[in-house]
Amino acid sequence: MTDAQTQSRSGSHALSKEYLARTGNGILMLLVSLGMMVAGGAAVLINPDAALNVIGGILLVVVGFILMCGLYALQPNEAMAILLFGDYRGTDRKTGLRWVLPWYSRKKISLRVRNLTSDKLKVNDKRGNPIEIAANVVWRVEDSAQALFDVDDFRAFVNIQVDTALRDMAAHYAYDHGEDHELTLRSDAEEVATRLREELVGRIAVAGVAVDEARIAHLAYAPEIAGAMLKRQQAEAVLGARRLIVRGAVEMVENALEDLNDRGVVDLDEDRKAAMVSNLLVVLCADREAQPVVNTGTLYG
């Protein structure tokens, strides 16, 4: 999908872009904060009669406590978006105990791989047949700024776009029995999965989400036509089997006539050949076992 198509779907507004935030080592700041609080408490206890010591000690404790409010922890595949009065100031992806100025607000977001199985949708395929279809999508947040600020709820956005892409894709393929070697939903799973993934990549790029895999998880005719379609599939299977049996029977009869002729076992005229061909085809193509018939006369009466 081209950049122009992606932009037309995402809208005309400018997209957010993730960049690295300026943050500090949380362990170091934790030690500093604890040291200030201990020093402040000690200053008050050592000389409680001195107003300067008391005021200084209280200030140290308060500042140390405020500094501790800037601590946060990140696990692997987690990110923290840093904001200052609503203004985006970058994203921290470094794991462990981290620190930022306490007046910065923070929004944590998971970057782990997520698995989504959509609800079963009832849609019409390319031929207008009602079918039930569902997809399994493996996705993850790639750009935290876009996921948090360019869409209202990126999880709900992904769910809706999966359903929309699934409906749109199903309308471009027949369930089965394609004409002129066209792709079908049932027979060409890999090609359909590739098309679905490409469709999703273009639709959810605005949310900063990457699609690792997308596949059809459920595919069936709708209940109201399932019985009729099953009969059609059974009839086509029977016709295919009959066609194979007849082709094989013709080859066997041809080989039998050639062997009889080459070995000189019997000299058959055209009428006898036709009778033999008819009898052999009946025996080979019949559903039931052949019943032997003793002929006491001749072919001609």
# chains A, B, ... in the order shown; residues from 1 in each chain; ligands from 1
call {"tool": "residues_around", "arguments": {"residues": "Val123 of chain A", "least_positions_apart": "3", "cutoff": "9 Å", "atoms": "only C-alpha atoms", "output": "PyMOL selection string"}}
result
chain A and resi 128-133+167+170-171+222
call {"tool": "write_last_selection", "arguments": {"atoms": "N, CA and C atoms", "output": "PDB file, in the first residue's frame"}}
result
ATOM      1  N   GLY A 128     -21.748 -13.584  -3.416  1.00  0.00           N
ATOM      2  CA  GLY A 128     -22.944 -13.238  -2.672  1.00  0.00           C
ATOM      3  C   GLY A 128     -23.412 -14.292  -1.706  1.00  0.00           C
ATOM      4  N   ASN A 129     -22.660 -15.370  -1.524  1.00  0.00           N
ATOM      5  CA  ASN A 129     -23.049 -16.418  -0.589  1.00  0.00           C
ATOM      6  C   ASN A 129     -22.746 -15.968   0.840  1.00  0.00           C
ATOM      7  N   PRO A 130     -23.698 -16.117   1.756  1.00  0.00           N
ATOM      8  CA  PRO A 130     -23.423 -15.753   3.149  1.00  0.00           C
ATOM      9  C   PRO A 130     -22.477 -16.758   3.800  1.00  0.00           C
ATOM     10  N   ILE A 131     -21.420 -16.251   4.413  1.00  0.00           N
ATOM     11  CA  ILE A 131     -20.436 -17.107   5.058  1.00  0.00           C
ATOM     12  C   ILE A 131     -20.120 -16.557   6.442  1.00  0.00           C
ATOM     13  N   GLU A 132     -19.566 -17.418   7.275  1.00  0.00           N
ATOM     14  CA  GLU A 132     -19.059 -17.010   8.585  1.00  0.00           C
ATOM     15  C   GLU A 132     -17.540 -17.026   8.533  1.00  0.00           C
ATOM     16  N   ILE A 133     -16.925 -15.957   9.027  1.00  0.00           N
ATOM     17  CA  ILE A 133     -15.470 -15.845   8.937  1.00  0.00           C
ATOM     18  C   ILE A 133     -14.939 -15.141  10.170  1.00  0.00           C
ATOM     19  N   ARG A 167     -14.135  -7.987   6.553  1.00  0.00           N
ATOM     20  CA  ARG A 167     -15.323  -7.844   5.703  1.00  0.00           C
ATOM     21  C   ARG A 167     -14.937  -7.437   4.283  1.00  0.00           C
ATOM     22  N   ALA A 170     -13.179 -10.440   2.448  1.00  0.00           N
ATOM     23  CA  ALA A 170     -14.085 -11.543   2.112  1.00  0.00           C
ATOM     24  C   ALA A 170     -14.907 -11.226   0.873  1.00  0.00           C
ATOM     25  N   ALA A 171     -15.213  -9.953   0.648  1.00  0.00           N
ATOM     26  CA  ALA A 171     -16.016  -9.575  -0.511  1.00  0.00           C
ATOM     27  C   ALA A 171     -15.243  -9.698  -1.821  1.00  0.00           C
ATOM     28  N   ALA A 222     -22.746 -19.957   6.034  1.00  0.00           N
ATOM     29  CA  ALA A 222     -23.761 -19.601   7.019  1.00  0.00           C
ATOM     30  C   ALA A 222     -24.749 -20.761   7.177  1.00  0.00           C
TER      31      ALA A 222
END
call {"tool": "residues_around", "arguments": {"residues": "Met37 of chain A", "least_positions_apart": "5", "cutoff": "10 Å", "atoms": "only C-alpha atoms", "output": "list in words"}}
result
Leu31, Val32, Ala42, Ala43, Gly57, Ile58, Leu59, Leu60, Val61, Val62, Val63, Gly64 and Phe65 of chain A
call {"tool": "write_last_selection", "arguments": {"atoms": "C-alpha atoms", "output": "tab-separated table (two decimals), in the first residue's frame"}}
result
chain	number	residue	atom	x	y	z
A	31	LEU	CA	19.75	6.69	47.05
A	32	VAL	CA	19.88	10.48	46.80
A	42	ALA	CA	19.07	13.58	61.61
A	43	ALA	CA	19.34	17.37	61.51
A	57	GLY	CA	15.79	19.21	58.07
A	58	ILE	CA	12.10	19.40	57.18
A	59	LEU	CA	12.94	20.85	53.79
A	60	LEU	CA	15.39	18.03	53.11
A	61	VAL	CA	12.78	15.40	54.02
A	62	VAL	CA	10.12	17.08	51.86
A	63	VAL	CA	12.46	17.46	48.87
A	64	GLY	CA	13.63	13.86	49.24
A	65	PHE	CA	10.01	12.64	49.32
call {"tool": "residues_around", "arguments": {"residues": "Ser144 of chain A", "least_positions_apart": "3", "cutoff": "9 Å", "atoms": "only C-alpha atoms", "output": "list of chain:residue names"}}
result
A:Lys17, A:Glu18, A:Ala79, A:Met80, A:Ala81, A:Thr91, A:Ile109, A:Ser110, A:Leu111, A:Val141, A:Ala147, A:Leu148, A:Phe149, A:Ala207, A:Gly208, A:Val209
call {"tool": "residues_around", "arguments": {"residues": "segment 184-188 of chain A", "least_positions_apart": "5", "cutoff": "12 Å", "atoms": "only C-alpha atoms", "output": "PyMOL selection string"}}
result
chain A and resi 124-127+131-134+166+169-179+193-196+215-221
call {"tool": "write_last_selection", "arguments": {"atoms": "C-alpha atoms", "output": "PDB file, in the first residue's frame"}}
result
ATOM      1  CA  ASN A 124     -21.139 -12.244   1.780  1.00  0.00           C
ATOM      2  CA  ASP A 125     -18.347 -13.621  -0.369  1.00  0.00           C
ATOM      3  CA  LYS A 126     -17.602 -12.533  -3.941  1.00  0.00           C
ATOM      4  CA  ARG A 127     -20.533 -14.554  -5.267  1.00  0.00           C
ATOM      5  CA  ILE A 131     -20.436 -17.107   5.058  1.00  0.00           C
ATOM      6  CA  GLU A 132     -19.059 -17.010   8.585  1.00  0.00           C
ATOM      7  CA  ILE A 133     -15.470 -15.845   8.937  1.00  0.00           C
ATOM      8  CA  ALA A 134     -13.078 -14.936  11.747  1.00  0.00           C
ATOM      9  CA  LEU A 166     -12.001  -8.957   7.187  1.00  0.00           C
ATOM     10  CA  MET A 169     -11.307  -8.926   2.040  1.00  0.00           C
ATOM     11  CA  ALA A 170     -14.085 -11.543   2.112  1.00  0.00           C
ATOM     12  CA  ALA A 171     -16.016  -9.575  -0.511  1.00  0.00           C
ATOM     13  CA  HIS A 172     -13.096  -9.952  -2.970  1.00  0.00           C
ATOM     14  CA  TYR A 173     -12.879 -13.773  -2.835  1.00  0.00           C
ATOM     15  CA  ALA A 174     -15.282 -16.627  -3.392  1.00  0.00           C
ATOM     16  CA  TYR A 175     -15.600 -19.221  -0.644  1.00  0.00           C
ATOM     17  CA  ASP A 176     -14.565 -21.958  -3.080  1.00  0.00           C
ATOM     18  CA  HIS A 177     -15.027 -23.087  -6.698  1.00  0.00           C
ATOM     19  CA  GLY A 178     -13.241 -20.144  -8.236  1.00  0.00           C
ATOM     20  CA  GLU A 179     -13.351 -19.584 -11.974  1.00  0.00           C
ATOM     21  CA  ALA A 193      -3.538 -14.439   4.762  1.00  0.00           C
ATOM     22  CA  THR A 194      -0.997 -12.265   2.950  1.00  0.00           C
ATOM     23  CA  ARG A 195      -3.781 -10.082   1.545  1.00  0.00           C
ATOM     24  CA  LEU A 196      -5.369  -9.736   4.983  1.00  0.00           C
ATOM     25  CA  ARG A 215      -4.714 -15.672   9.297  1.00  0.00           C
ATOM     26  CA  ILE A 216      -8.237 -16.946   8.836  1.00  0.00           C
ATOM     27  CA  ALA A 217      -9.233 -18.709  12.079  1.00  0.00           C
ATOM     28  CA  HIS A 218     -12.766 -19.769  11.114  1.00  0.00           C
ATOM     29  CA  LEU A 219     -14.417 -20.187   7.733  1.00  0.00           C
ATOM     30  CA  ALA A 220     -17.768 -21.817   7.022  1.00  0.00           C
ATOM     31  CA  TYR A 221     -20.982 -21.323   5.109  1.00  0.00           C
TER      32      TYR A 221
END
call {"tool": "select_by_dssp", "arguments": {"residues": "segment 11-200 of chain A", "states": "helix (DSSP H, G or I)", "output": "PyMOL selection string"}}
result
chain A and resi 26-46+51-68+144-149+154-170+189-200
call {"tool": "atom_distance", "arguments": {"atom1": "atom CA of Arg155 of chain A", "atom2": "atom CA of Tyr72 of chain A"}}
result
23.9 Å
call {"tool": "closest_residue", "arguments": {"among": "A:Asn261, A:Asp150, A:Leu183, A:Val211", "to": "Leu15 of chain A", "atoms": "only C-alpha atoms"}}
result
A:Asp150
call {"tool": "atom_distance", "arguments": {"atom1": "atom CA of Arg98 of chain A", "atom2": "atom CA of Val151 of chain A"}}
result
27.1 Å
call {"tool": "atom_distance", "arguments": {"atom1": "atom CA of Ala205 of chain A", "atom2": "atom CA of Gln161 of chain A"}}
result
10.7 Å
call {"tool": "select_by_dssp", "arguments": {"residues": "segment 126-228 of chain A", "states": "strand (DSSP E)", "output": "ChimeraX atom specification"}}
result
/A:130-141,209-221
call {"tool": "write_last_selection", "arguments": {"atoms": "C-alpha atoms", "output": "compact mmCIF listing (two decimals), in the first residue's frame"}}
result
# COMPACT_ATOMS: atom_id res chain seq x y z
CA PRO A 130 -23.42 -15.75 3.15
CA ILE A 131 -20.44 -17.11 5.06
CA GLU A 132 -19.06 -17.01 8.58
CA ILE A 133 -15.47 -15.85 8.94
CA ALA A 134 -13.08 -14.94 11.75
CA ALA A 135 -9.40 -14.02 11.86
CA ASN A 136 -6.49 -14.44 14.23
CA VAL A 137 -4.11 -11.46 14.28
CA VAL A 138 -0.74 -11.18 16.02
CA TRP A 139 0.14 -7.53 16.60
CA ARG A 140 2.24 -5.24 18.81
CA VAL A 141 2.71 -1.55 19.49
CA VAL A 209 0.78 -0.76 15.49
CA ALA A 210 2.68 -3.47 13.56
CA VAL A 211 1.04 -6.68 12.35
CA ASP A 212 3.28 -9.76 12.60
CA GLU A 213 0.77 -12.31 11.32
CA ALA A 214 -2.85 -12.49 10.21
CA ARG A 215 -4.71 -15.67 9.30
CA ILE A 216 -8.24 -16.95 8.84
CA ALA A 217 -9.23 -18.71 12.08
CA HIS A 218 -12.77 -19.77 11.11
CA LEU A 219 -14.42 -20.19 7.73
CA ALA A 220 -17.77 -21.82 7.02
CA TYR A 221 -20.98 -21.32 5.11
call {"tool": "residues_around", "arguments": {"residues": "Pro102 of chain A", "least_positions_apart": "5", "cutoff": "9 Å", "atoms": "only C-alpha atoms", "output": "PyMOL selection string"}}
result
chain A and resi 66-71
